[in-house]
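Shown next: run20.pdb, given as PDB, C-alpha atoms and all ligand atoms.
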```
ATOM      1  CA  MET A1344      42.334  36.261  92.465
ATOM      2  CA  LYS A1345      44.194  38.903  94.378
ATOM      3  CA  LEU A1346      46.947  38.864  91.756
ATOM      4  CA  THR A1347      44.416  39.235  88.917
ATOM      5  CA  LEU A1348      42.901  42.255  90.581
ATOM      6  CA  THR A1349      46.307  43.850  91.035
ATOM      7  CA  VAL A1350      47.192  43.267  87.381
ATOM      8  CA  ILE A1351      43.888  44.726  86.252
ATOM      9  CA  SER A1352      44.264  47.807  88.390
ATOM     10  CA  ILE A1353      47.833  48.422  87.187
ATOM     11  CA  CYS A1354      46.698  48.044  83.575
ATOM     12  CA  SER A1355      43.820  50.432  83.990
ATOM     13  CA  ALA A1356      46.067  52.951  85.725
ATOM     14  CA  LEU A1357      48.504  52.773  82.809
ATOM     15  CA  THR A1358      45.752  53.097  80.217
ATOM     16  CA  PHE A1359      44.315  56.044  82.037
ATOM     17  CA  SER A1360      47.611  57.896  82.269
ATOM     18  CA  THR A1361      48.425  57.198  78.603
ATOM     19  CA  LEU A1362      45.027  58.428  77.513
ATOM     20  CA  SER A1363      45.034  61.534  79.660
ATOM     21  CA  ASN A1364      48.530  62.382  78.422
ATOM     22  CA  ALA A1365      47.460  61.972  74.795
ATOM     23  CA  GLY A1366      44.476  64.219  75.433
ATOM     24  CA  ASN A1367      46.656  67.039  76.703
ATOM     25  CA  THR A1368      47.551  68.996  73.598
ATOM     26  CA  GLN A1369      48.658  72.163  75.409
ATOM     27  CA  VAL A1370      52.074  73.251  74.185
ATOM     28  CA  PRO A1371      54.459  73.182  77.176
ATOM     29  CA  TYR A1372      56.279  76.368  78.219
ATOM     30  CA  PRO A1373      59.852  76.042  76.879
ATOM     31  CA  ASP A1374      61.786  76.197  80.154
ATOM     32  CA  GLY A1375      65.438  77.169  79.774
ATOM     33  CA  TYR A1376      65.228  78.288  76.126
ATOM     34  CA  ARG A1377      67.560  81.243  76.772
ATOM     35  CA  ASN A1378      70.363  78.669  77.067
ATOM     36  CA  TRP A1379      69.512  76.995  73.747
ATOM     37  CA  THR A1380      71.166  77.780  70.400
ATOM     38  CA  HIS A1381      70.545  81.286  69.099
ATOM     39  CA  ILE A1382      69.558  80.944  65.437
ATOM     40  CA  LYS A1383      68.985  84.548  64.336
ATOM     41  CA  SER A1384      67.530  87.953  65.208
ATOM     42  CA  MET A1385      65.470  90.590  63.405
ATOM     43  CA  VAL A1386      64.002  94.028  64.112
ATOM     44  CA  ILE A1387      60.483  94.687  62.798
ATOM     45  CA  GLU A1388      59.583  98.367  62.602
ATOM     46  CA  PRO A1389      56.153 100.042  62.381
ATOM     47  CA  GLY A1390      54.775  99.857  58.846
ATOM     48  CA  HIS A1391      55.954  96.305  58.184
ATOM     49  CA  ALA A1392      53.219  93.785  57.330
ATOM     50  CA  LEU A1393      54.004  91.796  60.503
ATOM     51  CA  ALA A1394      54.230  94.887  62.777
ATOM     52  CA  THR A1395      50.944  93.940  64.445
ATOM     53  CA  PRO A1396      51.678  92.103  66.685
ATOM     54  CA  PHE A1397      55.358  91.418  65.930
ATOM     55  CA  GLN A1398      56.877  94.931  66.011
ATOM     56  CA  GLY A1399      60.030  94.731  68.124
ATOM     57  CA  ILE A1400      63.339  92.910  68.182
ATOM     58  CA  HIS A1401      63.081  89.134  68.112
ATOM     59  CA  HIS A1402      65.619  86.398  68.706
ATOM     60  CA  ILE A1403      64.985  82.832  67.592
ATOM     61  CA  TYR A1404      66.233  79.838  69.609
ATOM     62  CA  GLY A1405      66.245  76.092  68.950
ATOM     63  CA  ASN A1406      66.795  73.106  71.242
ATOM     64  CA  LYS A1407      69.174  70.266  70.254
ATOM     65  CA  LYS A1408      66.616  68.363  68.168
ATOM     66  CA  ALA A1409      65.542  71.554  66.410
ATOM     67  CA  MET A1410      69.183  72.260  65.524
ATOM     68  CA  GLN A1411      69.372  68.825  63.842
ATOM     69  CA  GLY A1412      66.237  69.798  61.921
ATOM     70  CA  GLN A1413      67.955  73.006  60.829
ATOM     71  CA  ILE A1414      70.509  70.793  59.044
ATOM     72  CA  THR A1415      68.198  68.111  57.633
ATOM     73  CA  GLY A1416      65.126  70.269  56.945
ATOM     74  CA  LYS A1417      62.943  67.703  58.796
ATOM     75  CA  TYR A1418      62.200  68.132  62.482
ATOM     76  CA  GLN A1419      61.804  65.081  64.750
ATOM     77  CA  ASP A1420      59.309  64.956  67.627
ATOM     78  CA  GLY A1421      60.594  66.948  70.602
ATOM     79  CA  SER A1422      62.066  69.726  68.433
ATOM     80  CA  VAL A1423      61.218  73.147  69.897
ATOM     81  CA  LEU A1424      61.719  76.603  68.369
ATOM     82  CA  VAL A1425      61.151  79.843  70.278
ATOM     83  CA  PHE A1426      60.491  83.330  68.886
ATOM     84  CA  ASP A1427      61.478  85.683  71.745
ATOM     85  CA  LEU A1428      59.974  89.139  71.049
ATOM     86  CA  LEU A1429      61.189  92.212  72.961
ATOM     87  CA  ASN A1430      60.310  95.881  72.726
ATOM     88  CA  TYR A1431      63.197  98.156  71.802
ATOM     89  CA  THR A1432      64.341 101.705  72.404
ATOM     90  CA  LYS A1433      66.422 103.892  70.103
ATOM     91  CA  ASN A1434      69.137 105.801  71.972
ATOM     92  CA  ASP A1435      72.263 107.557  70.709
ATOM     93  CA  ASP A1436      72.053 105.839  67.324
ATOM     94  CA  THR A1437      71.667 102.406  68.887
ATOM     95  CA  ILE A1438      68.751  99.990  69.079
ATOM     96  CA  GLN A1439      68.545  98.494  72.572
ATOM     97  CA  GLU A1440      66.519  95.605  73.940
ATOM     98  CA  ALA A1441      63.646  96.527  76.294
ATOM     99  CA  ASP A1442      61.002  94.448  78.086
ATOM    100  CA  ARG A1443      59.595  91.242  76.618
ATOM    101  CA  LYS A1444      56.322  91.451  74.620
ATOM    102  CA  LEU A1445      55.672  87.742  74.110
ATOM    103  CA  ILE A1446      57.227  84.475  73.092
ATOM    104  CA  GLY A1447      56.007  82.277  70.256
ATOM    105  CA  VAL A1448      56.632  78.529  70.504
ATOM    106  CA  MET A1449      56.638  75.752  67.902
ATOM    107  CA  HIS A1450      56.745  72.296  69.523
ATOM    108  CA  LYS A1451      56.977  69.262  67.214
ATOM    109  CA  ASP A1452      54.756  66.296  68.081
ATOM    110  CA  SER A1453      53.485  64.627  64.934
ATOM    111  CA  THR A1454      50.810  62.610  66.750
ATOM    112  CA  LYS A1455      49.319  65.462  68.818
ATOM    113  CA  TYR A1456      49.313  68.339  66.349
ATOM    114  CA  THR A1457      48.055  66.702  63.157
ATOM    115  CA  ASN A1458      45.954  69.748  62.128
ATOM    116  CA  THR A1459      48.913  72.125  62.163
ATOM    117  CA  GLY A1460      51.657  70.282  60.304
ATOM    118  CA  GLY A1461      52.777  68.257  63.343
ATOM    119  CA  TRP A1462      53.716  71.454  65.184
ATOM    120  CA  GLY A1463      51.998  72.791  68.296
ATOM    121  CA  PHE A1464      51.878  76.603  68.063
ATOM    122  CA  GLU A1465      51.445  78.733  71.198
ATOM    123  CA  GLY A1466      52.196  82.231  72.439
ATOM    124  CA  PHE A1467      52.956  83.238  76.036
ATOM    125  CA  SER A1468      52.404  86.828  77.130
ATOM    126  CA  ALA A1469      55.441  88.874  78.256
ATOM    127  CA  ASN A1470      57.223  86.953  81.035
ATOM    128  CA  SER A1471      54.288  84.700  81.898
ATOM    129  CA  LYS A1472      54.634  80.917  81.683
ATOM    130  CA  THR A1473      50.865  80.396  81.945
ATOM    131  CA  GLU A1474      49.116  83.269  80.099
ATOM    132  CA  ARG A1475      48.500  81.734  76.684
ATOM    133  CA  LEU A1476      47.828  83.784  73.554
ATOM    134  CA  THR A1477      46.155  81.387  71.105
ATOM    135  CA  SER A1478      42.535  80.252  71.274
ATOM    136  CA  ASP A1479      42.267  78.555  67.878
ATOM    137  CA  GLY A1480      44.587  75.588  68.433
ATOM    138  CA  GLY A1481      47.345  77.445  66.573
ATOM    139  CA  ALA A1482      45.460  77.566  63.250
ATOM    140  CA  GLY A1483      46.174  81.299  62.744
ATOM    141  CA  CYS A1484      49.878  80.830  63.384
ATOM    142  CA  PHE A1485      50.032  77.800  61.116
ATOM    143  CA  SER A1486      48.295  79.570  58.207
ATOM    144  CA  CYS A1487      51.184  82.015  57.993
ATOM    145  CA  HIS A1488      53.818  79.245  58.306
ATOM    146  CA  MET A1489      52.203  77.131  55.555
ATOM    147  CA  PRO A1490      54.216  78.672  52.689
ATOM    148  CA  LYS A1491      57.303  77.072  54.270
ATOM    149  CA  GLU A1492      55.931  73.533  53.896
ATOM    150  CA  GLU A1493      59.041  72.323  52.022
ATOM    151  CA  ASN A1494      61.083  73.349  55.089
ATOM    152  CA  ASP A1495      58.746  71.645  57.616
ATOM    153  CA  TYR A1496      56.958  75.023  58.170
ATOM    154  CA  VAL A1497      60.068  76.713  59.587
ATOM    155  CA  TYR A1498      61.173  80.123  58.274
ATOM    156  CA  SER A1499      64.464  80.810  60.010
ATOM    157  CA  LYS A1500      67.822  79.453  58.919
ATOM    158  CA  PHE A1501      70.845  79.141  61.176
ATOM    159  CA  ARG A1502      73.524  81.705  60.296
ATOM    160  CA  LYS A1503      77.057  80.296  60.537
TER     161      LYS A1503
HETATM  162  C1  LIG A1601      51.690  86.784  59.482
HETATM  163  C2  LIG A1601      52.638  85.696  59.482
HETATM  164  C3  LIG A1601      52.958  84.956  60.774
HETATM  165  C4  LIG A1601      52.101  84.610  61.768
HETATM  166  C5  LIG A1601      50.617  84.897  61.904
HETATM  167  C6  LIG A1601      52.891  83.865  62.715
HETATM  168  N1  LIG A1601      54.183  83.755  62.295
HETATM  169 FE1  LIG A1601      55.692  82.782  63.280
HETATM  170  N2  LIG A1601      57.014  83.503  61.919
HETATM  171  C7  LIG A1601      56.707  84.240  60.801
HETATM  172  C8  LIG A1601      57.934  84.584  60.096
HETATM  173  C9  LIG A1601      58.033  85.378  58.797
HETATM  174  C10 LIG A1601      58.984  84.045  60.863
HETATM  175  C11 LIG A1601      60.496  84.172  60.584
HETATM  176  C12 LIG A1601      61.086  85.353  61.356
HETATM  177  C13 LIG A1601      62.576  85.515  61.117
HETATM  178  O1  LIG A1601      63.080  85.051  60.091
HETATM  179  O2  LIG A1601      63.251  86.122  61.974
HETATM  180  C14 LIG A1601      58.362  83.339  61.977
HETATM  181  C15 LIG A1601      59.073  82.616  62.924
HETATM  182  C16 LIG A1601      58.507  81.910  63.965
HETATM  183  C17 LIG A1601      59.220  81.036  64.866
HETATM  184  C18 LIG A1601      60.684  80.637  64.745
HETATM  185  C19 LIG A1601      60.789  79.430  63.787
HETATM  186  C20 LIG A1601      60.615  79.826  62.331
HETATM  187  O3  LIG A1601      59.650  79.362  61.682
HETATM  188  O4  LIG A1601      61.444  80.609  61.839
HETATM  189  C21 LIG A1601      58.325  80.589  65.789
HETATM  190  C22 LIG A1601      58.620  79.671  66.956
HETATM  191  C23 LIG A1601      57.048  81.169  65.460
HETATM  192  N3  LIG A1601      57.182  81.959  64.325
HETATM  193  C24 LIG A1601      55.885  80.935  66.174
HETATM  194  C25 LIG A1601      54.657  81.507  65.831
HETATM  195  C26 LIG A1601      53.466  81.378  66.663
HETATM  196  C27 LIG A1601      53.362  80.590  67.957
HETATM  197  C28 LIG A1601      52.483  82.083  66.027
HETATM  198  C29 LIG A1601      51.067  82.320  66.483
HETATM  199  C30 LIG A1601      50.872  82.799  67.835
HETATM  200  C31 LIG A1601      53.070  82.620  64.797
HETATM  201  N4  LIG A1601      54.377  82.244  64.719
HETATM  202  C32 LIG A1601      52.355  83.356  63.889
HETATM  203  C33 LIG A1601      55.446  84.578  60.376
HETATM  204  C34 LIG A1601      54.287  84.415  61.121
END
```
Let me see whether you can do it: turn the structure in this file into structure tokens.
Amino acid sequence: MKLTLTVISICSALTFSTLSNAGNTQVPYPDGYRNWTHIKSMVIEPGHALATPFQGIHHIYGNKKAMQGQITGKYQDGSVLVFDLLNYTKNDDTIQEADRKLIGVMHKDSTKYTNTGGWGFEGFSANSKTERLTSDGGAGCFSCHMPKEENDYVYSKFRK
């Protein structure tokens, strides 16, 4: 009897933690991304169609799984891509990095993010790990990534 109760309580604890984990669809902050692989960079100037809100200099990073996806064109669960957007200043005929505006994150989890191509989309303001920028479950982000469906919704390509 005692054993049965213990088994039941362990099972319900497991079920509860599995369920509550599945219910959490918040895209995690990508800790340590500055040490991941740098894929490419771009400067977007005023006047460009993406200038609001993406004017600035951005660098794109991928974790190990995302770098495999860069080769195969299909990204496995756990792949994470980061769009790191900084302001810039123009000095002495140079363009220099300034403070961070935001980061954009794409986090692959094909069971959690079924409405947005299997990718969780989220933005984090400036240097904050908690101030989130999307309120539509990433639908707005995804709509602009949809044209890249044949490449698993990813635009950037690793430059050798
Ligand atoms: C209006 C179009 C547009 C919208 C909206 C948009 N993106 Fe993107 N995104 C792009 C383009 C274009 C690139 C490629 C930039 C480059 O090549 O340097 C890109 C690149 C990225 C990347 C790097 C991986 C890749 O696909 O190249 C991430 C991560 C990203 N975006 C996240 C987001 C998030 C999060 C949002 C919403 C908060 C968002 N994007 C909204 C157009 C968009």
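Proximity of A:Gly1480, A:Pro1373, A:Gly1399, A:Gly1421 to Glu1440 of chain A, computed with only C-alpha atoms, is greatest for A:Gly1399.
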Kindly compile the residues surrounding ligand LIG 1601 (chain A) within 8 Å, counting all atoms listed in the file, and format them as a PyMOL selection string. chain A and resi 1383-1385+1392-1393+1401-1404+1423-1426+1446-1449+1463-1466+1476-1477+1481+1483-1488+1496-1500
Expansion of the PyMOL selection byres (((chain A and resi 1388) around 10) and not hetatm) into residues, as a VMD selection string: chain A and resid 1385 to 1387 1389 to 1395 1397 to 1400 1431
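Omitting Asp1495 of chain A and its sequence neighbours fewer than 4 positions away, and counting only C-alpha atoms, the residues within 10 Å are A:Gly1412, A:Gln1413, A:Gly1416, A:Lys1417, A:Tyr1418, A:Gly1460, A:Gly1461, A:Trp1462, A:His1488, A:Met1489, A:Pro1490, A:Lys1491.
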Excluding Thr1368 of chain A and residues on its chain fewer than 5 positions from it, collect all residues at most 10 Å away from it, counting all atoms listed in the file, and give them as a PDB file with C-alpha atoms, in the coordinates of the input.
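Listing of around_23.pdb after writing:
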```pdb
ATOM      1  CA  SER A1363      45.034  61.534  79.660  1.00  0.00           C
ATOM      2  CA  ASP A1452      54.756  66.296  68.081  1.00  0.00           C
ATOM      3  CA  THR A1454      50.810  62.610  66.750  1.00  0.00           C
ATOM      4  CA  LYS A1455      49.319  65.462  68.818  1.00  0.00           C
ATOM      5  CA  TYR A1456      49.313  68.339  66.349  1.00  0.00           C
ATOM      6  CA  GLY A1463      51.998  72.791  68.296  1.00  0.00           C
ATOM      7  CA  GLY A1480      44.587  75.588  68.433  1.00  0.00           C
TER       8      GLY A1480
END
```
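Between atom CA of Lys1503 of chain A and atom CA of Asp1442 of chain A there is a distance of 27.7 Å.
Picture a line from atom CA of Arg1443 of chain A to atom CA of Asn1470 of chain A; it runs 6.6 Å.
Computed from the coordinates, the atom CA of Pro1371 of chain A to atom CA of Arg1502 of chain A distance equals 26.9 Å.
Using all atoms listed in the file, the smallest distance between any of A:Ser1468, A:Ser1453, A:Gln1411, A:Gln1369 and Leu1429 of chain A comes from A:Ser1468.
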Repair of segment 1400-1422 of chain A at the level of N, CA and C atoms, as a PDB file, in the frame of the given file:
```pdb
ATOM      1  N   ILE A1400      62.148  93.673  68.547  1.00  0.00           N
ATOM      2  CA  ILE A1400      63.339  92.910  68.182  1.00  0.00           C
ATOM      3  C   ILE A1400      63.103  91.475  68.630  1.00  0.00           C
ATOM      4  N   HIS A1401      63.271  90.526  67.682  1.00  0.00           N
ATOM      5  CA  HIS A1401      63.081  89.134  68.112  1.00  0.00           C
ATOM      6  C   HIS A1401      64.353  88.320  67.892  1.00  0.00           C
ATOM      7  N   HIS A1402      64.526  87.356  68.794  1.00  0.00           N
ATOM      8  CA  HIS A1402      65.619  86.398  68.706  1.00  0.00           C
ATOM      9  C   HIS A1402      64.972  85.026  68.597  1.00  0.00           C
ATOM     10  N   ILE A1403      65.546  84.170  67.767  1.00  0.00           N
ATOM     11  CA  ILE A1403      64.985  82.832  67.592  1.00  0.00           C
ATOM     12  C   ILE A1403      65.965  81.804  68.145  1.00  0.00           C
ATOM     13  N   TYR A1404      65.427  80.866  68.952  1.00  0.00           N
ATOM     14  CA  TYR A1404      66.233  79.838  69.609  1.00  0.00           C
ATOM     15  C   TYR A1404      65.711  78.459  69.223  1.00  0.00           C
ATOM     16  N   GLY A1405      66.639  77.480  69.197  1.00  0.00           N
ATOM     17  CA  GLY A1405      66.245  76.092  68.950  1.00  0.00           C
ATOM     18  C   GLY A1405      66.902  75.166  69.958  1.00  0.00           C
ATOM     19  N   ASN A1406      66.169  74.119  70.378  1.00  0.00           N
ATOM     20  CA  ASN A1406      66.795  73.106  71.242  1.00  0.00           C
ATOM     21  C   ASN A1406      67.624  72.150  70.367  1.00  0.00           C
ATOM     22  N   LYS A1407      68.239  71.148  70.987  1.00  0.00           N
ATOM     23  CA  LYS A1407      69.174  70.266  70.254  1.00  0.00           C
ATOM     24  C   LYS A1407      68.510  69.591  69.048  1.00  0.00           C
ATOM     25  N   LYS A1408      67.291  69.053  69.274  1.00  0.00           N
ATOM     26  CA  LYS A1408      66.616  68.363  68.168  1.00  0.00           C
ATOM     27  C   LYS A1408      66.274  69.342  67.050  1.00  0.00           C
ATOM     28  N   ALA A1409      65.868  70.557  67.429  1.00  0.00           N
ATOM     29  CA  ALA A1409      65.542  71.554  66.410  1.00  0.00           C
ATOM     30  C   ALA A1409      66.787  71.921  65.601  1.00  0.00           C
ATOM     31  N   MET A1410      67.959  71.918  66.245  1.00  0.00           N
ATOM     32  CA  MET A1410      69.183  72.260  65.524  1.00  0.00           C
ATOM     33  C   MET A1410      69.536  71.162  64.521  1.00  0.00           C
ATOM     34  N   GLN A1411      69.189  69.892  64.844  1.00  0.00           N
ATOM     35  CA  GLN A1411      69.372  68.825  63.842  1.00  0.00           C
ATOM     36  C   GLN A1411      68.439  69.072  62.667  1.00  0.00           C
ATOM     37  N   GLY A1412      67.202  69.489  62.973  1.00  0.00           N
ATOM     38  CA  GLY A1412      66.237  69.798  61.921  1.00  0.00           C
ATOM     39  C   GLY A1412      66.709  70.944  61.035  1.00  0.00           C
ATOM     40  N   GLN A1413      67.423  71.898  61.627  1.00  0.00           N
ATOM     41  CA  GLN A1413      67.955  73.006  60.829  1.00  0.00           C
ATOM     42  C   GLN A1413      68.892  72.482  59.743  1.00  0.00           C
ATOM     43  N   ILE A1414      69.569  71.362  60.026  1.00  0.00           N
ATOM     44  CA  ILE A1414      70.509  70.793  59.044  1.00  0.00           C
ATOM     45  C   ILE A1414      69.768  69.928  58.029  1.00  0.00           C
ATOM     46  N   THR A1415      68.836  69.082  58.531  1.00  0.00           N
ATOM     47  CA  THR A1415      68.198  68.111  57.633  1.00  0.00           C
ATOM     48  C   THR A1415      66.956  68.673  56.937  1.00  0.00           C
ATOM     49  N   GLY A1416      66.365  69.726  57.513  1.00  0.00           N
ATOM     50  CA  GLY A1416      65.126  70.269  56.945  1.00  0.00           C
ATOM     51  C   GLY A1416      63.882  69.514  57.403  1.00  0.00           C
ATOM     52  N   LYS A1417      64.074  68.462  58.220  1.00  0.00           N
ATOM     53  CA  LYS A1417      62.943  67.703  58.796  1.00  0.00           C
ATOM     54  C   LYS A1417      63.132  67.679  60.301  1.00  0.00           C
ATOM     55  N   TYR A1418      62.091  67.990  61.029  1.00  0.00           N
ATOM     56  CA  TYR A1418      62.200  68.132  62.482  1.00  0.00           C
ATOM     57  C   TYR A1418      61.565  66.934  63.175  1.00  0.00           C
ATOM     58  N   GLN A1419      62.350  66.237  64.039  1.00  0.00           N
ATOM     59  CA  GLN A1419      61.804  65.081  64.750  1.00  0.00           C
ATOM     60  C   GLN A1419      60.990  65.542  65.959  1.00  0.00           C
ATOM     61  N   ASP A1420      60.130  64.646  66.453  1.00  0.00           N
ATOM     62  CA  ASP A1420      59.309  64.956  67.627  1.00  0.00           C
ATOM     63  C   ASP A1420      60.217  65.387  68.786  1.00  0.00           C
ATOM     64  N   GLY A1421      59.782  66.422  69.504  1.00  0.00           N
ATOM     65  CA  GLY A1421      60.594  66.948  70.602  1.00  0.00           C
ATOM     66  C   GLY A1421      61.394  68.177  70.181  1.00  0.00           C
ATOM     67  N   SER A1422      61.408  68.488  68.882  1.00  0.00           N
ATOM     68  CA  SER A1422      62.066  69.726  68.433  1.00  0.00           C
ATOM     69  C   SER A1422      61.247  70.919  68.911  1.00  0.00           C
TER      70      SER A1422
END
```
